[in-house]
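This is work-v9.cif. It holds mmCIF, C-alpha atoms and all ligand atoms.
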data_my_file
#
loop_
_atom_site.label_atom_id
_atom_site.label_comp_id
_atom_site.auth_asym_id
_atom_site.auth_seq_id
_atom_site.Cartn_x
_atom_site.Cartn_y
_atom_site.Cartn_z
CA MET Q 1 -45.80 -83.62 104.37
CA LEU Q 2 -44.11 -80.40 103.73
CA VAL Q 3 -46.61 -79.34 101.09
CA ALA Q 4 -49.33 -79.81 103.71
CA GLY Q 5 -47.38 -77.56 106.03
CA VAL Q 6 -47.18 -74.79 103.49
CA ALA Q 7 -50.88 -75.09 102.66
CA LEU Q 8 -51.78 -74.80 106.30
CA LEU Q 9 -49.74 -71.68 106.59
CA ILE Q 10 -51.54 -70.07 103.69
CA GLY Q 11 -54.92 -71.16 105.06
CA LEU Q 12 -54.22 -69.50 108.37
CA GLN Q 13 -53.25 -66.29 106.67
CA LYS Q 14 -56.41 -66.19 104.59
CA THR Q 15 -58.84 -66.88 107.37
CA GLY Q 16 -56.96 -64.79 109.83
CA ARG Q 17 -57.38 -67.37 112.54
CA ILE Q 18 -55.46 -66.84 115.71
CA ASP Q 19 -53.12 -69.65 116.54
CA VAL Q 20 -54.73 -70.59 119.84
CA ALA Q 21 -52.11 -73.15 120.75
CA SER Q 22 -49.38 -70.56 120.88
CA VAL Q 23 -51.40 -68.48 123.26
CA PHE Q 24 -51.78 -71.27 125.78
CA ASN Q 25 -48.33 -72.81 125.24
CA PRO Q 26 -46.01 -69.88 125.22
CA ILE Q 27 -42.78 -70.68 123.42
CA PRO Q 28 -39.82 -70.58 125.75
CA PRO Q 29 -36.82 -68.45 124.83
CA ILE Q 30 -34.97 -70.00 121.91
CA ASP Q 31 -31.58 -70.17 123.56
CA ASP Q 32 -28.73 -72.64 123.09
CA ALA Q 33 -30.23 -75.14 125.50
CA PHE Q 34 -33.53 -75.04 123.62
CA GLN Q 35 -31.77 -75.51 120.29
CA ARG Q 36 -29.77 -78.48 121.58
CA GLY Q 37 -32.81 -80.15 123.09
CA PHE Q 38 -34.79 -79.59 119.91
CA ARG Q 39 -32.03 -81.05 117.76
CA SER Q 40 -31.74 -84.15 119.83
CA ASP Q 41 -35.52 -84.68 119.77
CA VAL Q 42 -35.61 -84.26 115.99
CA MET Q 43 -32.70 -86.64 115.55
CA ALA Q 44 -34.28 -89.28 117.77
CA ARG Q 45 -37.59 -89.03 115.90
CA ILE Q 46 -35.90 -89.26 112.51
CA ASN Q 47 -33.69 -92.17 113.52
CA ALA Q 48 -36.74 -94.00 114.83
CA VAL Q 49 -38.05 -93.83 111.25
CA ARG Q 50 -34.73 -94.73 109.61
CA GLY Q 51 -33.87 -97.70 111.81
CA PRO Q 52 -36.66 -100.02 110.62
CA ILE Q 53 -36.00 -99.22 106.93
CA GLY Q 54 -32.30 -99.99 107.29
CA ALA Q 55 -31.06 -96.43 106.68
CA GLU Q 56 -27.89 -95.28 108.40
CA THR Q 57 -28.40 -93.48 111.74
CA LEU Q 58 -28.20 -89.72 111.30
CA ARG Q 59 -25.84 -87.67 113.41
CA GLY Q 60 -25.03 -84.01 113.78
CA ASP Q 61 -22.21 -82.21 112.01
CA GLU Q 62 -20.77 -79.43 114.16
CA PRO Q 63 -19.18 -77.18 111.54
CA LEU Q 64 -22.29 -77.48 109.39
CA GLN Q 65 -24.50 -76.84 112.44
CA ALA Q 66 -22.60 -73.65 113.19
CA PHE Q 67 -23.12 -72.59 109.61
CA VAL Q 68 -26.85 -73.38 109.66
CA ASN Q 69 -27.17 -71.34 112.88
CA GLU Q 70 -25.38 -68.48 111.18
CA ILE Q 71 -27.67 -68.56 108.13
CA VAL Q 72 -30.78 -68.48 110.33
CA SER Q 73 -29.59 -65.92 112.85
CA GLN Q 74 -28.31 -63.47 110.26
CA HIS Q 75 -31.52 -63.42 108.23
CA SER Q 76 -34.13 -60.81 109.17
CA ASP Q 77 -36.97 -63.12 108.14
CA PRO Q 78 -35.72 -66.74 108.26
CA GLU Q 79 -39.18 -68.03 107.31
CA ASN Q 80 -38.51 -66.70 103.83
CA LEU Q 81 -35.00 -67.97 103.36
CA SER Q 82 -34.33 -69.26 99.86
CA LEU Q 83 -33.41 -72.94 99.80
CA GLU Q 84 -31.50 -72.35 96.60
CA MET Q 85 -29.38 -69.80 98.43
CA ILE Q 86 -28.90 -72.23 101.33
CA PHE Q 87 -27.66 -74.99 99.01
CA ASN Q 88 -25.28 -72.66 97.26
CA THR Q 89 -23.96 -71.18 100.48
CA VAL Q 90 -23.50 -74.56 102.15
CA GLN Q 91 -21.67 -75.98 99.13
CA GLU Q 92 -19.52 -72.92 98.86
CA ARG Q 93 -18.34 -73.45 102.42
CA PHE Q 94 -18.43 -77.27 102.35
CA PRO Q 95 -17.71 -78.55 98.83
CA GLY Q 96 -18.04 -82.13 100.12
CA ALA Q 97 -21.75 -81.55 100.85
CA GLN Q 98 -22.70 -83.08 97.52
CA TYR Q 99 -25.89 -84.59 98.93
CA LEU Q 100 -28.24 -82.01 100.39
CA ALA Q 101 -31.87 -81.59 101.31
CA ALA Q 102 -33.37 -78.67 103.18
CA ASN Q 103 -36.74 -77.66 104.48
CA LEU Q 104 -38.28 -74.74 106.26
CA VAL Q 105 -41.35 -75.31 108.38
CA THR Q 106 -43.25 -73.23 110.86
CA ALA Q 107 -45.60 -74.41 113.58
CA SER Q 108 -47.53 -73.16 116.54
CA GLY Q 109 -45.36 -74.93 119.06
CA ARG Q 110 -42.32 -77.05 119.67
CA ASP Q 111 -43.92 -80.50 119.48
CA ASP Q 112 -45.76 -79.62 116.30
CA LEU Q 113 -42.50 -78.46 114.77
CA VAL Q 114 -40.70 -81.70 115.70
CA SER Q 115 -43.56 -83.70 114.15
CA ARG Q 116 -43.45 -81.76 110.94
CA ILE Q 117 -39.74 -82.20 110.49
CA SER Q 118 -39.89 -85.91 111.25
CA GLY Q 119 -42.69 -86.24 108.70
CA TRP Q 120 -40.51 -84.90 105.91
CA THR Q 121 -40.19 -87.55 103.18
CA ALA Q 122 -36.47 -86.92 102.66
CA ILE Q 123 -35.57 -88.18 106.13
CA GLY Q 124 -35.81 -91.78 104.91
CA ASN Q 125 -33.28 -91.23 102.14
CA PRO Q 126 -30.23 -93.48 102.68
CA ASP Q 127 -27.95 -90.97 100.91
CA PHE Q 128 -27.91 -88.80 104.02
CA ASN Q 129 -26.00 -89.36 107.23
CA VAL Q 130 -26.31 -85.97 108.92
CA VAL Q 131 -29.17 -83.77 110.09
CA ASN Q 132 -28.84 -80.22 111.35
CA THR Q 133 -31.63 -77.94 112.48
CA ALA Q 134 -31.86 -74.37 113.69
CA VAL Q 135 -35.03 -73.00 115.28
CA PHE Q 136 -36.17 -69.41 114.95
CA LYS Q 137 -39.10 -67.33 116.13
CA SER Q 138 -41.63 -66.80 113.38
CA LYS Q 139 -44.60 -64.48 113.10
CA ARG Q 140 -47.08 -67.11 114.24
CA GLY Q 141 -44.90 -69.23 116.45
CA ILE Q 142 -41.65 -70.94 115.70
CA GLY Q 143 -39.98 -72.26 112.63
CA ALA Q 144 -36.97 -74.36 111.80
CA LEU Q 145 -34.52 -74.77 109.00
CA SER Q 146 -33.46 -78.41 108.67
CA VAL Q 147 -30.64 -79.59 106.48
CA LEU Q 148 -29.98 -83.22 105.62
CA SER Q 149 -26.59 -83.90 104.15
CA ARG Q 150 -23.78 -86.26 103.48
CA ARG Q 151 -20.37 -84.73 103.32
CA ILE Q 152 -18.08 -86.80 101.16
CA PRO Q 153 -14.29 -86.50 101.27
CA ARG Q 154 -12.24 -84.72 98.69
CA PHE Q 155 -10.77 -87.11 96.18
CA SER Q 156 -7.14 -88.03 96.70
CA LEU Q 157 -5.19 -91.23 96.28
CA LYS Q 158 -4.79 -91.44 100.03
CA ALA Q 159 -8.54 -91.10 100.62
CA ALA Q 160 -9.28 -93.51 97.77
CA ASN Q 161 -7.02 -96.16 99.29
CA ARG Q 162 -8.32 -95.58 102.79
CA ASP Q 163 -12.05 -95.30 102.20
CA GLY Q 164 -12.89 -96.07 98.58
CA GLY Q 165 -16.43 -95.13 97.61
CA ARG Q 166 -17.65 -91.62 96.93
CA PHE Q 167 -15.62 -88.45 96.67
CA TYR Q 168 -15.92 -84.94 95.43
CA ASN Q 169 -13.39 -83.42 93.14
CA GLU Q 170 -12.71 -80.10 91.54
CA CYS Q 171 -12.02 -80.59 87.86
CA PRO Q 172 -8.56 -79.20 87.07
CA HIS Q 173 -9.73 -78.33 83.55
CA CYS Q 174 -13.04 -76.50 84.09
CA ASN Q 175 -12.98 -76.09 87.93
CA GLU Q 176 -16.47 -77.53 88.36
CA ILE Q 177 -16.99 -79.51 91.53
CA HIS Q 178 -18.40 -82.95 90.94
CA ALA Q 179 -18.86 -86.21 92.77
CA LEU Q 180 -17.23 -89.44 91.70
CA GLU Q 181 -17.43 -93.02 92.74
CA LEU Q 182 -14.38 -95.23 92.57
CA ASP Q 183 -14.72 -98.88 91.69
CA ARG Q 184 -11.83 -100.68 93.35
CA ASP Q 185 -12.43 -103.80 91.32
CA SER Q 186 -11.42 -102.22 88.07
CA ARG Q 187 -7.90 -102.38 86.76
CA THR Q 188 -7.28 -99.24 84.80
CA ILE Q 189 -9.28 -96.34 86.13
CA ILE Q 190 -9.62 -93.31 83.89
CA LEU Q 191 -11.36 -90.51 85.75
CA SER Q 192 -13.01 -87.85 83.66
CA CYS Q 193 -15.08 -84.79 84.46
CA PRO Q 194 -18.86 -85.01 83.89
CA TYR Q 195 -18.95 -81.32 82.93
CA CYS Q 196 -16.14 -81.00 80.39
CA ASP Q 197 -15.57 -84.72 79.63
CA LEU Q 198 -11.80 -84.34 79.91
CA PRO Q 199 -9.75 -86.94 81.79
CA PHE Q 200 -8.21 -85.71 85.02
CA ASP Q 201 -6.51 -88.83 86.30
CA VAL Q 202 -5.36 -92.29 85.24
CA LEU Q 203 -5.10 -94.74 88.12
CA ALA Q 204 -4.45 -98.43 88.59
CA SER Q 205 -4.10 -100.92 91.42
CA ASP Q 206 -0.66 -102.39 91.93
CA THR Q 207 0.04 -106.01 92.92
CA GLY Q 208 -0.38 -105.02 96.58
CA ASN Q 209 -3.89 -103.77 95.71
CA THR Q 210 -3.00 -100.15 96.40
CA ILE Q 211 -4.20 -97.55 93.90
CA TYR Q 212 -1.49 -95.42 92.30
CA ARG Q 213 -1.34 -92.82 89.59
CA ALA Q 214 -0.09 -94.28 86.28
CA THR Q 215 3.09 -92.19 86.51
CA ASP Q 216 3.93 -93.84 89.85
CA PHE Q 217 4.57 -97.23 88.24
CA PHE Q 218 7.97 -96.24 86.85
CA GLU Q 219 11.13 -97.17 88.72
CA GLY Q 220 14.03 -95.98 86.59
CA PHE Q 221 14.64 -99.52 85.41
CA ASP Q 222 18.06 -99.71 83.75
CA LEU Q 223 18.77 -102.19 80.96
CA GLU Q 224 21.95 -100.56 79.63
CA ARG Q 225 23.97 -100.54 82.81
CA GLY Q 226 27.54 -101.79 82.40
CA ASN Q 227 27.38 -101.93 78.62
CA PRO Q 228 30.12 -99.65 77.23
CA ALA Q 229 29.59 -100.72 73.61
CA LEU Q 230 26.36 -98.71 73.37
CA THR Q 231 27.96 -95.39 72.42
CA SER Q 232 28.79 -96.75 68.98
CA LEU Q 233 25.17 -97.61 68.24
CA SER Q 234 22.56 -95.42 66.59
CA ASP Q 235 19.52 -94.38 68.62
CA GLU Q 236 17.40 -96.87 66.70
CA GLU Q 237 19.88 -99.67 67.39
CA ARG Q 238 19.93 -98.85 71.09
CA ILE Q 239 16.13 -98.81 71.22
CA LEU Q 240 16.01 -102.18 69.49
CA SER Q 241 18.60 -103.62 71.86
CA ILE Q 242 16.60 -102.51 74.93
CA TRP Q 243 13.40 -103.80 73.41
CA ARG Q 244 15.00 -107.18 72.65
CA LYS Q 245 16.09 -107.52 76.27
CA VAL Q 246 12.51 -106.94 77.42
CA ALA Q 247 11.06 -109.28 74.78
CA ASP Q 248 13.59 -112.03 75.53
CA GLN Q 249 12.98 -111.80 79.25
CA CYS Q 250 9.18 -111.49 79.30
CA GLU Q 251 6.49 -113.79 78.03
CA TYR Q 252 3.39 -112.03 76.87
CA GLN Q 253 0.69 -113.16 79.22
CA LEU Q 254 -2.96 -113.19 78.21
CA ASP Q 255 -5.55 -112.48 80.84
CA GLN Q 256 -7.18 -115.88 80.37
CA GLU Q 257 -3.95 -117.65 81.28
CA LEU Q 258 -4.10 -116.12 84.72
CA GLY Q 259 -7.33 -117.84 85.67
CA ASP Q 260 -9.11 -114.90 87.20
CA VAL Q 261 -9.28 -111.52 85.56
CA ARG Q 262 -6.16 -109.59 86.54
CA GLU Q 263 -6.91 -106.45 88.45
CA VAL Q 264 -3.49 -104.95 88.84
CA TRP Q 265 -0.60 -103.30 87.05
CA LYS Q 266 2.94 -104.53 87.63
CA ARG Q 267 5.98 -102.37 88.21
CA PRO Q 268 8.93 -102.87 85.82
CA SER Q 269 10.93 -104.95 88.31
CA GLU Q 270 7.93 -107.22 88.92
CA THR Q 271 7.34 -107.83 85.21
CA TRP Q 272 11.07 -108.49 84.79
CA THR Q 273 11.32 -110.87 87.76
CA GLU Q 274 8.12 -112.74 86.90
CA GLN Q 275 9.28 -112.84 83.26
CA ALA Q 276 5.73 -112.14 82.14
CA GLY Q 277 3.22 -109.39 81.75
CA ASP Q 278 0.36 -108.19 79.64
CA CYS Q 279 0.30 -105.14 77.40
CA GLU Q 280 0.46 -102.37 80.00
CA ASP Q 281 3.02 -104.28 82.12
CA THR Q 282 5.50 -104.72 79.27
CA ALA Q 283 4.74 -101.23 77.90
CA ILE Q 284 5.59 -99.70 81.29
CA LEU Q 285 8.77 -101.79 81.62
CA LEU Q 286 9.97 -100.94 78.12
CA THR Q 287 9.10 -97.23 78.45
CA ASP Q 288 10.83 -97.06 81.83
CA ALA Q 289 14.00 -98.66 80.42
CA LEU Q 290 13.95 -96.31 77.40
CA ILE Q 291 13.51 -93.19 79.54
CA THR Q 292 16.25 -94.38 81.90
CA ALA Q 293 18.48 -94.80 78.85
CA GLY Q 294 17.82 -91.15 77.97
CA PHE Q 295 15.07 -91.44 75.36
CA ALA Q 296 11.83 -89.50 75.20
CA ALA Q 297 9.29 -92.31 75.59
CA ARG Q 298 5.65 -92.55 76.67
CA VAL Q 299 3.15 -95.28 77.40
CA ALA Q 300 0.05 -94.88 75.28
CA ILE Q 301 -3.30 -96.24 76.35
CA GLY Q 302 -6.13 -96.30 73.89
CA TRP Q 303 -7.54 -98.30 71.07
CA ASN Q 304 -5.94 -100.66 68.61
CA GLY Q 305 -7.99 -101.49 65.53
CA ASN Q 306 -7.01 -105.18 65.63
CA ILE Q 307 -6.96 -105.72 69.36
CA GLY Q 308 -9.34 -103.32 71.11
CA GLN Q 309 -8.39 -101.53 74.33
CA HIS Q 310 -4.64 -101.66 74.50
CA ALA Q 311 -1.39 -100.16 75.77
CA TRP Q 312 1.81 -99.63 73.76
CA VAL Q 313 5.00 -97.58 73.67
CA ALA Q 314 5.93 -94.45 71.71
CA VAL Q 315 9.56 -93.35 71.49
CA LYS Q 316 11.19 -90.39 69.79
CA THR Q 317 14.61 -89.99 68.22
CA LYS Q 318 16.10 -87.25 66.04
CA ASN Q 319 14.92 -89.31 63.06
CA GLY Q 320 11.28 -89.59 64.02
CA GLU Q 321 8.75 -91.25 66.31
CA TYR Q 322 8.12 -94.96 66.56
CA ILE Q 323 5.44 -97.23 67.95
CA LEU Q 324 6.80 -100.24 69.82
CA GLU Q 325 4.29 -103.07 70.21
CA SER Q 326 5.62 -104.50 73.47
CA THR Q 327 3.47 -107.63 73.21
CA LEU Q 328 5.24 -108.87 70.02
CA GLN Q 329 6.62 -112.37 70.45
CA LYS Q 330 9.12 -112.76 67.63
CA GLU Q 331 12.73 -112.13 66.69
CA LEU Q 332 12.67 -108.33 66.70
CA GLY Q 333 14.30 -106.40 63.86
CA MET Q 334 14.58 -102.78 62.73
CA GLU Q 335 11.34 -103.22 60.75
CA ASP Q 336 9.45 -103.57 64.07
CA LEU Q 337 10.15 -99.92 64.92
CA VAL Q 338 7.04 -98.71 63.14
CA ASP Q 339 6.81 -95.06 62.18
CA VAL Q 340 3.91 -93.41 64.06
CA LYS Q 341 2.41 -92.16 60.81
CA VAL Q 342 2.26 -95.68 59.46
CA ALA Q 343 0.98 -97.03 62.79
CA SER Q 344 -1.71 -94.36 63.05
CA ALA Q 345 -4.05 -96.47 60.92
CA PHE Q 346 -4.25 -99.00 63.77
CA TYR Q 347 -3.26 -97.17 66.96
CA GLN Q 348 -5.54 -94.53 68.49
CA PRO Q 349 -3.98 -93.22 71.71
CA GLU Q 350 -6.36 -91.66 74.26
CA GLN Q 351 -4.01 -90.86 77.13
CA LEU Q 352 -0.23 -90.91 77.38
CA PHE Q 353 2.01 -91.02 80.41
CA ASP Q 354 5.67 -91.04 81.33
CA GLN Q 355 7.59 -90.88 84.62
CA GLU Q 356 6.37 -87.35 85.29
CA HIS Q 357 3.12 -86.55 83.57
CA LEU Q 358 -0.21 -87.67 82.20
CA TYR Q 359 -1.19 -86.25 78.83
CA TYR Q 360 -4.55 -85.84 77.11
CA THR Q 361 -5.61 -84.48 73.77
CA THR Q 362 -8.51 -82.56 72.33
CA ALA Q 363 -6.98 -82.46 68.86
CA LYS Q 364 -8.30 -84.26 65.82
CA PRO Q 365 -7.31 -87.94 65.54
CA ASP Q 366 -5.75 -87.24 62.14
CA ASN Q 367 -3.19 -85.11 63.96
CA PHE Q 368 -2.63 -86.59 67.41
CA THR Q 369 -2.23 -90.18 66.18
CA LYS Q 370 0.77 -89.06 64.13
CA ASP Q 371 2.65 -87.20 66.83
CA TYR Q 372 2.86 -88.42 70.44
CA PHE Q 373 5.26 -85.74 71.65
CA SER Q 374 3.85 -82.46 70.39
CA ASP Q 375 3.09 -79.97 73.18
CA SER Q 376 0.30 -78.45 71.15
CA LEU Q 377 -1.45 -81.77 70.47
CA TRP Q 378 -0.84 -83.43 73.86
CA LYS Q 379 -1.51 -81.32 76.96
CA LEU Q 380 -0.46 -82.08 80.48
CA ILE Q 381 -3.29 -83.09 82.76
CA PRO Q 382 -3.04 -80.29 85.32
CA LYS Q 383 -2.21 -81.23 88.86
CA GLY Q 384 -3.19 -79.46 92.05
CA MET Q 385 -6.79 -78.66 92.78
CA VAL Q 386 -8.09 -75.51 94.42
CA GLU Q 387 -11.18 -75.30 96.59
CA SER Q 388 -13.99 -73.01 95.50
CA SER Q 389 -16.98 -72.98 93.16
CA VAL Q 390 -20.56 -74.10 93.58
CA THR Q 391 -22.87 -76.42 91.72
CA SER Q 392 -26.43 -75.50 90.91
CA SER Q 393 -29.48 -76.92 92.64
CA SER Q 394 -33.23 -76.90 92.37
CA GLU Q 395 -35.87 -75.70 94.73
CA ASN Q 396 -39.31 -77.16 95.10
CA GLY Q 397 -41.57 -75.18 97.36
CA LYS Q 398 -39.86 -74.92 100.66
CA ALA Q 399 -38.25 -78.33 100.61
CA ALA Q 400 -35.67 -79.34 98.15
CA GLU Q 401 -33.05 -81.96 97.66
CA LYS Q 402 -29.87 -81.71 95.83
CA ARG Q 403 -28.27 -84.87 94.59
CA ALA Q 404 -24.71 -85.26 93.65
CA VAL Q 405 -23.68 -85.37 90.05
CA SER Q 406 -21.92 -88.64 89.58
CA GLY Q 407 -18.60 -88.44 87.87
CA THR Q 408 -18.25 -90.33 84.63
CA PHE Q 409 -16.27 -93.35 85.36
CA GLU Q 410 -14.63 -95.55 82.85
CA ASN Q 411 -13.54 -99.00 83.72
CA ARG Q 412 -11.42 -100.31 80.97
CA GLN Q 413 -9.77 -103.62 80.60
CA TYR Q 414 -6.57 -103.27 78.66
CA GLY Q 415 -5.66 -106.94 78.65
CA VAL Q 416 -5.65 -108.20 75.13
CA SER Q 417 -8.03 -111.04 74.47
CA ALA Q 418 -7.51 -111.62 70.77
CA ASN Q 419 -4.71 -111.78 68.20
ZN ZN O 1 -14.22 -80.38 83.89
#

Serialized structure, structure tokens:
Amino acid sequence: MLVAGVALLIGLQKTGRIDVASVFNPIPPIDDAFQRGFRSDVMARINAVRGPIGAETLRGDEPLQAFVNEIVSQHSDPENLSLEMIFNTVQERFPGAQYLAANLVTASGRDDLVSRISGWTAIGNPDFNVVNTAVFKSKRGIGALSVLSRRIPRFSLKAANRDGGRFYNECPHCNEIHALELDRDSRTIILSCPYCDLPFDVLASDTGNTIYRATDFFEGFDLERGNPALTSLSDEERILSIWRKVADQCEYQLDQELGDVREVWKRPSETWTEQAGDCEDTAILLTDALITAGFAARVAIGWNGNIGQHAWVAVKTKNGEYILESTLQKELGMEDLVDVKVASAFYQPEQLFDQEHLYYTTAKPDNFTKDYFSDSLWKLIPKGMVESSVTSSSENGKAAEKRAVSGTFENRQYGVSAN
């Protein structure tokens, strides 16, 4: 439709025909009342097309409308606005406008202009929920800039729990803005950036079906309280004693035993009270108890060569670092504190977390599998995101659409199903 519009424009220029219609239907002053009336006509015409095809009814967006007005009114020749520039400018001001389409059409009169906009193919696209238009006087009559959009909210745990669905996010590693879609049905949600591939958050649903950051599952669970004999023990003996308490209390629970696939993480007190948990539940409980007892400990999530996707515990003493396999169901002895270097043949951590931080690595597996506490091998996932930056877009004639880049989204099941 739009291509036809452009062709017509060129045809008129070549033949030098006078636009007769504009002579007999003088265009009224393009004031605020005209703009409002025009917008509501365009919206009604577009929604009349969208209704029957089941697309959401479009509405206006006031801040975006003000911005579209500004773009048009500040340009000396709005007919020749660059759509690429419009996309970039809109996204600079509204980073949530991850879905955008724009067109520029001119016509001899108002009704013709409304018809051309409502004939735009993009108006049927269900991705959009907003339309904004601004009319301007053109050389041969009038023209309009129309912008279709969907503004999605900035990603936050609060927004994720309230709305679910689509968000935009600024990557804390590379600062690119990208869209992401959250699948509430998944258990462990590792969010990573589609531009730099680095993880920027590890989330999970709790038993109340609220999404939390992995670090939020700790409670300061104390398994040494009221035990004065501990001071005489070595670090390794204390670790073993805490681990035994967890292992004695908690049955390892396979996913299959729960009937449906589990979709939640438990907090330490829940695992303790229910006397059961799967790998991440017992790993969180044990890590929490170790940290509360004063040890440097982290939950590792990643890959185990025998098991598959898995979660386990790493703990550090002055003598070294150990892997604790919190799903072991046996009489635990000193030999079960496995040196990380020995364990590295089977355990490939991908992310680590403790009560405070999430950690990621870009180091070589040969190195990071043998040291879970090195600041140079394991970096903090940065927190706090700043607004700015623009994504690129494409222009096709005088109508273009920009689609969001979907965030890579990994849905991993850490429940152990074998061995
Ligand atoms: Zn990134």

Enumerate, in order of chain and increasing residue number, the residues of chain Q with an atom no farther than 8 Å from ligand ZN 1 (chain O), each with its shortest atom pair and distance in Å to one decimal, counting all atoms listed in the file, as JSON lines.
{"residue": "Q:Glu170", "atom": "CA", "partner": "O:ZN1", "partner_atom": "ZN", "distance": 7.8}
{"residue": "Q:Cys171", "atom": "CA", "partner": "O:ZN1", "partner_atom": "ZN", "distance": 4.5}
{"residue": "Q:Pro172", "atom": "CA", "partner": "O:ZN1", "partner_atom": "ZN", "distance": 6.6}
{"residue": "Q:His173", "atom": "CA", "partner": "O:ZN1", "partner_atom": "ZN", "distance": 4.9}
{"residue": "Q:Cys174", "atom": "CA", "partner": "O:ZN1", "partner_atom": "ZN", "distance": 4.1}
{"residue": "Q:Asn175", "atom": "CA", "partner": "O:ZN1", "partner_atom": "ZN", "distance": 6.0}
{"residue": "Q:Glu176", "atom": "CA", "partner": "O:ZN1", "partner_atom": "ZN", "distance": 5.8}
{"residue": "Q:Ser192", "atom": "CA", "partner": "O:ZN1", "partner_atom": "ZN", "distance": 7.6}
{"residue": "Q:Cys193", "atom": "CA", "partner": "O:ZN1", "partner_atom": "ZN", "distance": 4.5}
{"residue": "Q:Pro194", "atom": "CA", "partner": "O:ZN1", "partner_atom": "ZN", "distance": 6.6}
{"residue": "Q:Tyr195", "atom": "CA", "partner": "O:ZN1", "partner_atom": "ZN", "distance": 4.9}
{"residue": "Q:Cys196", "atom": "CA", "partner": "O:ZN1", "partner_atom": "ZN", "distance": 4.0}
{"residue": "Q:Asp197", "atom": "CA", "partner": "O:ZN1", "partner_atom": "ZN", "distance": 6.2}
{"residue": "Q:Leu198", "atom": "CA", "partner": "O:ZN1", "partner_atom": "ZN", "distance": 6.1}

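Neighbouring residues of region 203-220 of chain Q at 7 Å or closer, counting all atoms listed in the file and skipping chain neighbours under 3 positions away, are Leu157, Asn161, Arg187, Thr188, Ile189, Ile190, Glu263, Val264, Trp265, Lys266, Arg267, Pro268, Ile284, Asp288, Ala289, Thr292, Phe353, Asp354, Gln355, Glu356 and His357 of chain Q.
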
| Sel. within 12 Å of pt (-44.9, -89.8, 108.0), counting only C-alpha atoms, output as an NGL selection string | :Q and (1-2 or 4 or 45-46 or 48-50 or 114-124)

| field | Point-to-point distance in Å for CA of Ile301 (chain Q) and CA of Pro349 (chain Q) | value |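 Between CA of Pro349 (chain Q) and CA of Ile301 (chain Q) the gap works out to 5.6 Å.
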
| Residues near Thr271 (chain Q), cut-off 9 Å, all atoms listed in the file, skip fewer than 4 positions along chain, as a list in words |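 My list of contacting residues is Cys250, Lys266, Arg267, Gln275, Ala276, Gly277, Asp278, Asp281, Thr282 and Leu285 of chain Q.
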
Selection export as a CSV table (one decimal), in the coordinates of the input, atoms kept: C-alpha atoms:
chain,number,residue,atom,x,y,z
Q,250,CYS,CA,9.2,-111.5,79.3
Q,266,LYS,CA,2.9,-104.5,87.6
Q,267,ARG,CA,6.0,-102.4,88.2
Q,275,GLN,CA,9.3,-112.8,83.3
Q,276,ALA,CA,5.7,-112.1,82.1
Q,277,GLY,CA,3.2,-109.4,81.8
Q,278,ASP,CA,0.4,-108.2,79.6
Q,281,ASP,CA,3.0,-104.3,82.1
Q,282,THR,CA,5.5,-104.7,79.3
Q,285,LEU,CA,8.8,-101.8,81.6

Written-out region 147-158 of chain Q (C-alpha atoms) as a short mmCIF file (atom, residue, chain, number, x, y, z; two decimals), in the first residue's frame:
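The result, written out as result_6.cif:
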data_model
loop_
_atom_site.label_atom_id
_atom_site.label_comp_id
_atom_site.auth_asym_id
_atom_site.auth_seq_id
_atom_site.Cartn_x
_atom_site.Cartn_y
_atom_site.Cartn_z
CA VAL Q 147 4.15 5.24 14.34
CA LEU Q 148 2.92 1.85 15.49
CA SER Q 149 4.48 0.59 18.67
CA ARG Q 150 4.32 -1.56 21.71
CA ARG Q 151 6.11 -0.26 24.72
CA ILE Q 152 7.17 -3.09 26.98
CA PRO Q 153 8.13 -2.60 30.62
CA ARG Q 154 11.66 -2.60 31.89
CA PHE Q 155 12.62 -5.94 33.34
CA SER Q 156 12.53 -6.19 37.11
CA LEU Q 157 11.49 -8.92 39.51
CA LYS Q 158 8.51 -6.84 40.53
#
